[in-house]
Every structure is written in C-alpha cells, then in structure tokens.
Amino acid sequence: MLLTIASFIFFTALVGVITYLLTRGDDHGSSTGYFLAGRTLTGGYIAGSLMLTNLSTEQLIGLNGDAFTDGISVMAWEVIAGVSLVVMALFFLPRYLKSGISTIPEFLAERFDNHTRTITSIIFIIAYAGILLPIILYTGAMGLIGILDLPTMTGLSTTPLLWMVVWLIGIVGSIYAIFGGLRTVAVSDTINGFGLLVGGAMIVLFGLHAVNSEGPIAAYNTLVETHPEKFNSLGTNDSTVPWSTLFSGVLLLNLFYWCTNQQIIQRTFGASSLKEGQRGVLMAGGLKVLAPLILVLPGIIAFHLFADEGIPSVEAYGRLVQTVLPKWLAGFFAAAIFGAILSSYNSALNSTATLFSLGVYKEMLHPDASDRRVIWTGKIFAAVLAFASMSMAPMLAGQDSIFGYLQKMNGLYFIPIFAVVLMAIFSKRTPAIAANIALVVGVVVIAFFYFAPIDGVASLVDGAFRGFHFLGLVFVSLLALMYAIRLAKPRSEPYVQRESGAVDMTPWPWAWPLGLMLVVFVVGLYLAYADFSGVAGS
C-alpha cells in the first residue's frame, strides 16, 4: 500500500515539476498569452492536448463499460472521431485560423451578430458547468477509487470516498487551469498523455495474458472464438450504438465535438501556423482510430473474465485493473489516470473561463476592460465554477451507462450549435436572426423531448427514435428552418470572411493525403469486423 501511494505521489508531482519548468517563462499577463498560449503551440503539443483532453475516465471507465455490454460496436465514438478530425483539419481549421478567433462564439459574432455570440456563450457555459465538469469529476473519482481499491485501503465506504476524491481532483485541476493558462494545460496534457498511453497498453497486455498465457495473439483469438457476438462492428438495433446511428446522431455528435466544441478545439486556436495546426489535428486523428485498443478491448477482456460475477458495467475496467495489474505498477497507473482526469477537467474549466471572460464579461459587461481585469475575472469565475462542479459531481451516482448519459446530454447543445456553425460557413446570405432562432429552438426542443413530464415523450425518443436518430432529425430540421428564413429574409450583402493575419496560413502538404488515408482506414476497419447477417437479424 505504501509503495502504491508513494509512486502515485511521485509521478503526479513529477508531471507538475516538469510542466512548471517548461512553462515558467510563458506570458500569462495578456489575453492571447493566457487563453491561447500566445499562439505558439506546435503539432505535437496540439495532438497531445487534444488526445488527453478527450481521453479521460469517461472513456476509460464509461466506454470500456459499454464494450463490456455491447462489444466493439461502441468503437464508433473513437474511430468516427478520426474522420471528424480529418474534417476539422481540412475544412474547419483553415477558416478558424484565418479569422484569428479565440472562441467559437467569437466566430459566430463575426459571421452573424453579437446576439449570436451571447446565446452561444451562455449555452456553452451552462452545458460545461452542469453536464461536462461534474461528469469528468464523477467518473474520475470512481476510476481512482476502483483502480487503487480505496475502500480496502482506507476502510471507508464508496460514498465518502467519492466526495473526498472528487474534491481532490477538483482542487488540483483548478490550480492548473486558473493559474497556468492554456499552454500550461497543453504541456501537462502531453506529458500525462504519454503516461496514460503506456499505462493503457499495459492493462491490455496483462489482461490478454489473463485470458490466455500463450501470448497476445492467442488470447485475442480466444476472445473472438468465445464471444463472437462482441466482435461485430455494426452491433444490433439493441446496442448502445445501433449501426444506423453512425450516419445520424453519432456522426453529428462527433463532428461537433471535434470541429466546434470550445473545450476541445481551443488548443488548435493557439497553433503557431495552419501547418502546425493541421499536423497536430491529424496526428490526433491517427491516435483516435487506434484508441479502441485501450478503450474497447479491455471491456471485452473484462467480460470474458468477470461476466459470471454479475458486476455492473461501470465497474468492469476498475475490476480488470485491480485483477491484472501488478501491485508495484498500481501507483504509476493511478498517476496516469489522475493526469488524464486533470487534463479533461482543467481544459473544460479553462475553456469555460475563456468563454465567460471574452464572450460575456468583456463583450457584454465591460467592453473597455483591460487584459489584466479580464484574466482576473476569468480566474474568479473558474474558481466559483470549480466549487459548483465539485458539489454536483457525487450526485451522478447511480447512472447505468455514464458514457451514454454524457452523449445524450451533449446532444442538448452539440446539435444546435453545430447546425448554426455549418450554416455560418456554407451559406453567405443567412441572416443573424435565423441563427439566433435556431439556437434557442434547438435547445428547447431537445430539452423538451428529453425531460418533458408527459407520459411517453421521453420513451418515444429513446425507443422509436433510438435517441441518436432523434438528434439527426432535429439537426436537419434546424438547417431547414434557417434556410427558410434565409429565403424569406436574406442578408442584403453576402458575408465575406475577414483575414486577421494572426498566423501563417500556408497549409501542411501532407494534410490531404494523410486525411484520405485515415478515412480509408476507418472504412476498412468497419468492413473487417462487420457481421451483416447479425444486423439483418436484429
């Protein structure tokens, strides 16, 4: 036990010290320096930060838990992300960097008006505060409790441990986000990302050894032969991710997440050039299509080892780690998990502070505020938000599928904002009123169908619409609504995007070839594991 705790503290502190040494001379006194890393991020830091901001315990615990239940069909959230990152690198990123923006609401303000910025900023802030931050803290705490086996170690029950670990993660993560700025977040993400990839790979290897000691290939064959139903990439209509939703809600949620989600793409706004931005985004895309090795396969291994015990899916990954990981490595892996949790949490907190400081405080309340005042206000807001999220997180206990819950709640704001961003880019005469109406109507309609206290409404969404199909229907309806308004009342002059000159806009020569290779790989992966007879008979 002492060795585990000592190694956990050592590796966690080591990341903090290295991050401090690499970032102590950074500019934290200007808005560009604090919120955008001074536009100095290169491809490696962008890729590392993108990956680790995304890769946290809601994936390790939640996605492996879904794989425990449904098999590799849940890999959709990872490999479709590879395609989405190609779209980001080739189509969205050049437009964002051309405008020199700091936030998505700022981009929409340039294209439409300040009302669009205000509505979008408020939607983002409420969603991050009420959905994203508490889920990160809850899944992170549950992951650490399971991996370190804290109930046995401390003699305490899960409930008090949940509160204690949530507040530990929240306080440490807040220190990174509030006092360090975006570059500190990106550097610590990259260092922690390396540790997490190593640790995740170790769990897979030790897990495969527990399945069959003759070697990884023999163990993998054992899994396929014993549980062939778990290796159908298309799943069934009863799966968490039915195959048909790959072309509706799943695709749309992925495209929003990787192309317009402020929490994720803020580090791409800090790219030193378009070339470095595209390189980092496509490097992240390459890592995402390989991510099922550590985010899906362990769930299937856990099913093979523990299915007869009747454990809840949310506990599958923690049980696997406790069972197969040598005790002397437990501290290192717990530190890697802790770093991943901190990455997702401090990135979301930093992005929320950015949205409030630049989109609400400076634009709406005090347009003449100095950079120092804007940064100070962002830090105060982040501290208040951190306190609120730490108080809310333990209340999520009891969700059957925490990853499914996260994706469902994400749809509340993902779909309306993505529809408006698409219209902003591809329709030059759509007026601001169309975007503003679509944002409000989209959130209200989705919230109504999710939460309306009317018998049958919520079950209609989860049943006949299969959840993600419903989101696809709302998305198409919002585009149609905006286009109808555009026909009735178009802009007097077509929109012309300004060019800020903030960074060098020379594209990376390998962007298109590597992007196409990633798309082909994803299609090939699905076809290799597709069981069309299973789909037809489901």
# chains A, B, ... in the order shown; residues from 1 in each chain; ligands from 1

$ closest_atom_pairs --of "range 46-79 of chain A" --to "range 268-291 of chain A" --cutoff "8 Å" --atoms "only C-alpha atoms" --output "JSON lines"
{"residue": "A:Ile46", "atom": "CA", "partner": "A:Gly280", "partner_atom": "CA", "distance": 5.0}
{"residue": "A:Ala47", "atom": "CA", "partner": "A:Gly280", "partner_atom": "CA", "distance": 4.4}
{"residue": "A:Gly48", "atom": "CA", "partner": "A:Ala284", "partner_atom": "CA", "distance": 7.2}
{"residue": "A:Leu50", "atom": "CA", "partner": "A:Ala284", "partner_atom": "CA", "distance": 6.6}
{"residue": "A:Met51", "atom": "CA", "partner": "A:Ala284", "partner_atom": "CA", "distance": 6.1}
{"residue": "A:Glu78", "atom": "CA", "partner": "A:Lys288", "partner_atom": "CA", "distance": 5.7}
{"residue": "A:Val79", "atom": "CA", "partner": "A:Val289", "partner_atom": "CA", "distance": 4.4}

$ residues_around --residues "Ile147 in chain A" --least-positions-apart "2" --cutoff "10 Å" --atoms "only C-alpha atoms" --output "list of chain:residue names"
A:Ala141, A:Met142, A:Gly143, A:Leu144, A:Ile145, A:Asp149, A:Leu150, A:Glu315, A:Tyr317, A:Gly318, A:Arg319, A:Leu320, A:Val321, A:Gln322, A:Thr323, A:Leu325, A:Ala330, A:Gly331, A:Phe333, A:Ala334, A:Ile337

$ residues_around --residues "Leu305 in chain A" --least-positions-apart "2" --cutoff "10 Å" --atoms "only C-alpha atoms" --output "ChimeraX atom specification"
/A:207,210-211,299-303,307-309,316,319-320,323

$ residues_around --residues "Ser357 in chain A" --least-positions-apart "5" --cutoff "9 Å" --atoms "only C-alpha atoms" --output "number ranges by chain"
A: 352, 362-363, 374-379, 381

$ write_last_selection --atoms "all heavy atoms" --output "compact mmCIF listing (two decimals), in the first residue's frame"
# COMPACT_ATOMS: atom_id res chain seq x y z
N THR A 352 -14.22 27.22 -20.22
CA THR A 352 -15.39 27.91 -19.69
C THR A 352 -15.02 29.31 -19.22
O THR A 352 -15.76 30.28 -19.44
CB THR A 352 -16.01 27.11 -18.53
OG1 THR A 352 -16.15 25.74 -18.91
CG2 THR A 352 -17.38 27.66 -18.17
N LYS A 362 -16.19 40.74 -21.16
CA LYS A 362 -15.61 41.81 -21.96
C LYS A 362 -16.58 42.33 -23.02
O LYS A 362 -16.68 43.54 -23.25
CB LYS A 362 -14.31 41.35 -22.63
CG LYS A 362 -13.58 42.47 -23.37
CD LYS A 362 -12.21 42.04 -23.82
CE LYS A 362 -11.49 43.15 -24.58
NZ LYS A 362 -11.30 44.36 -23.76
N GLU A 363 -17.30 41.45 -23.67
CA GLU A 363 -18.17 41.87 -24.77
C GLU A 363 -19.51 42.44 -24.29
O GLU A 363 -20.02 43.39 -24.86
CB GLU A 363 -18.43 40.69 -25.72
CG GLU A 363 -17.22 40.26 -26.51
CD GLU A 363 -16.68 41.38 -27.39
OE1 GLU A 363 -17.49 42.13 -27.96
OE2 GLU A 363 -15.45 41.50 -27.50
N VAL A 374 -9.68 41.31 -17.35
CA VAL A 374 -10.38 40.19 -18.00
C VAL A 374 -9.85 38.86 -17.46
O VAL A 374 -10.63 37.94 -17.15
CB VAL A 374 -10.19 40.27 -19.52
CG1 VAL A 374 -10.69 38.98 -20.19
CG2 VAL A 374 -10.96 41.47 -20.09
N ILE A 375 -8.52 38.74 -17.34
CA ILE A 375 -7.92 37.49 -16.84
C ILE A 375 -8.31 37.26 -15.39
O ILE A 375 -8.66 36.14 -14.99
CB ILE A 375 -6.39 37.54 -17.01
CG1 ILE A 375 -6.03 37.53 -18.50
CG2 ILE A 375 -5.73 36.36 -16.30
CD1 ILE A 375 -4.56 37.81 -18.77
N TRP A 376 -8.26 38.31 -14.57
CA TRP A 376 -8.62 38.17 -13.16
C TRP A 376 -10.07 37.72 -13.01
O TRP A 376 -10.38 36.84 -12.20
CB TRP A 376 -8.41 39.52 -12.46
CG TRP A 376 -8.76 39.50 -11.00
CD1 TRP A 376 -7.97 39.09 -9.96
CD2 TRP A 376 -10.01 39.90 -10.40
NE1 TRP A 376 -8.65 39.20 -8.76
CE2 TRP A 376 -9.91 39.70 -9.00
CE3 TRP A 376 -11.20 40.42 -10.91
CZ2 TRP A 376 -10.94 40.00 -8.12
CZ3 TRP A 376 -12.24 40.71 -10.04
CH2 TRP A 376 -12.10 40.50 -8.66
N THR A 377 -10.97 38.30 -13.82
CA THR A 377 -12.38 37.91 -13.77
C THR A 377 -12.54 36.44 -14.18
O THR A 377 -13.34 35.71 -13.58
CB THR A 377 -13.20 38.80 -14.71
OG1 THR A 377 -13.03 40.17 -14.33
CG2 THR A 377 -14.68 38.44 -14.65
N GLY A 378 -11.80 36.01 -15.21
CA GLY A 378 -11.86 34.61 -15.62
C GLY A 378 -11.42 33.67 -14.52
O GLY A 378 -12.01 32.59 -14.33
N LYS A 379 -10.40 34.05 -13.76
CA LYS A 379 -9.92 33.21 -12.67
C LYS A 379 -10.96 33.11 -11.55
O LYS A 379 -11.19 32.02 -11.00
CB LYS A 379 -8.60 33.76 -12.12
CG LYS A 379 -7.43 33.62 -13.08
CD LYS A 379 -6.15 34.20 -12.49
CE LYS A 379 -4.97 34.00 -13.43
NZ LYS A 379 -3.70 34.55 -12.89
N PHE A 381 -14.23 33.50 -11.89
CA PHE A 381 -15.33 32.71 -12.41
C PHE A 381 -14.99 31.22 -12.39
O PHE A 381 -15.82 30.38 -12.04
CB PHE A 381 -15.68 33.15 -13.83
CG PHE A 381 -16.83 32.40 -14.44
CD1 PHE A 381 -18.14 32.70 -14.09
CD2 PHE A 381 -16.61 31.39 -15.36
CE1 PHE A 381 -19.20 32.00 -14.63
CE2 PHE A 381 -17.67 30.69 -15.91
CZ PHE A 381 -18.97 31.00 -15.55

$ atom_distance --atom1 "CA of Tyr45 in chain A" --atom2 "CA of Trp258 in chain A"
16.3 Å

$ atom_distance --atom1 "CA of Met482 in chain A" --atom2 "CA of Ala434 in chain A"
4.9 Å

$ closest_residue --among "A:Gly130, A:Gly173, A:Pro105, A:Gly82" --to "Ala424 in chain A" --atoms "only C-alpha atoms"
A:Pro105

$ residues_around --residues "Ala419 in chain A" --least-positions-apart "5" --cutoff "8 Å" --atoms "only C-alpha atoms" --output "list in words"
Phe475, Leu478 and Leu479 of chain A

$ select_by_dssp --residues "range 227-384 of chain A" --states "alpha helix (DSSP H)" --output "count of residues only"
101

$ atom_distance --atom1 "CA of Leu97 in chain A" --atom2 "CA of Leu481 in chain A"
28.7 Å
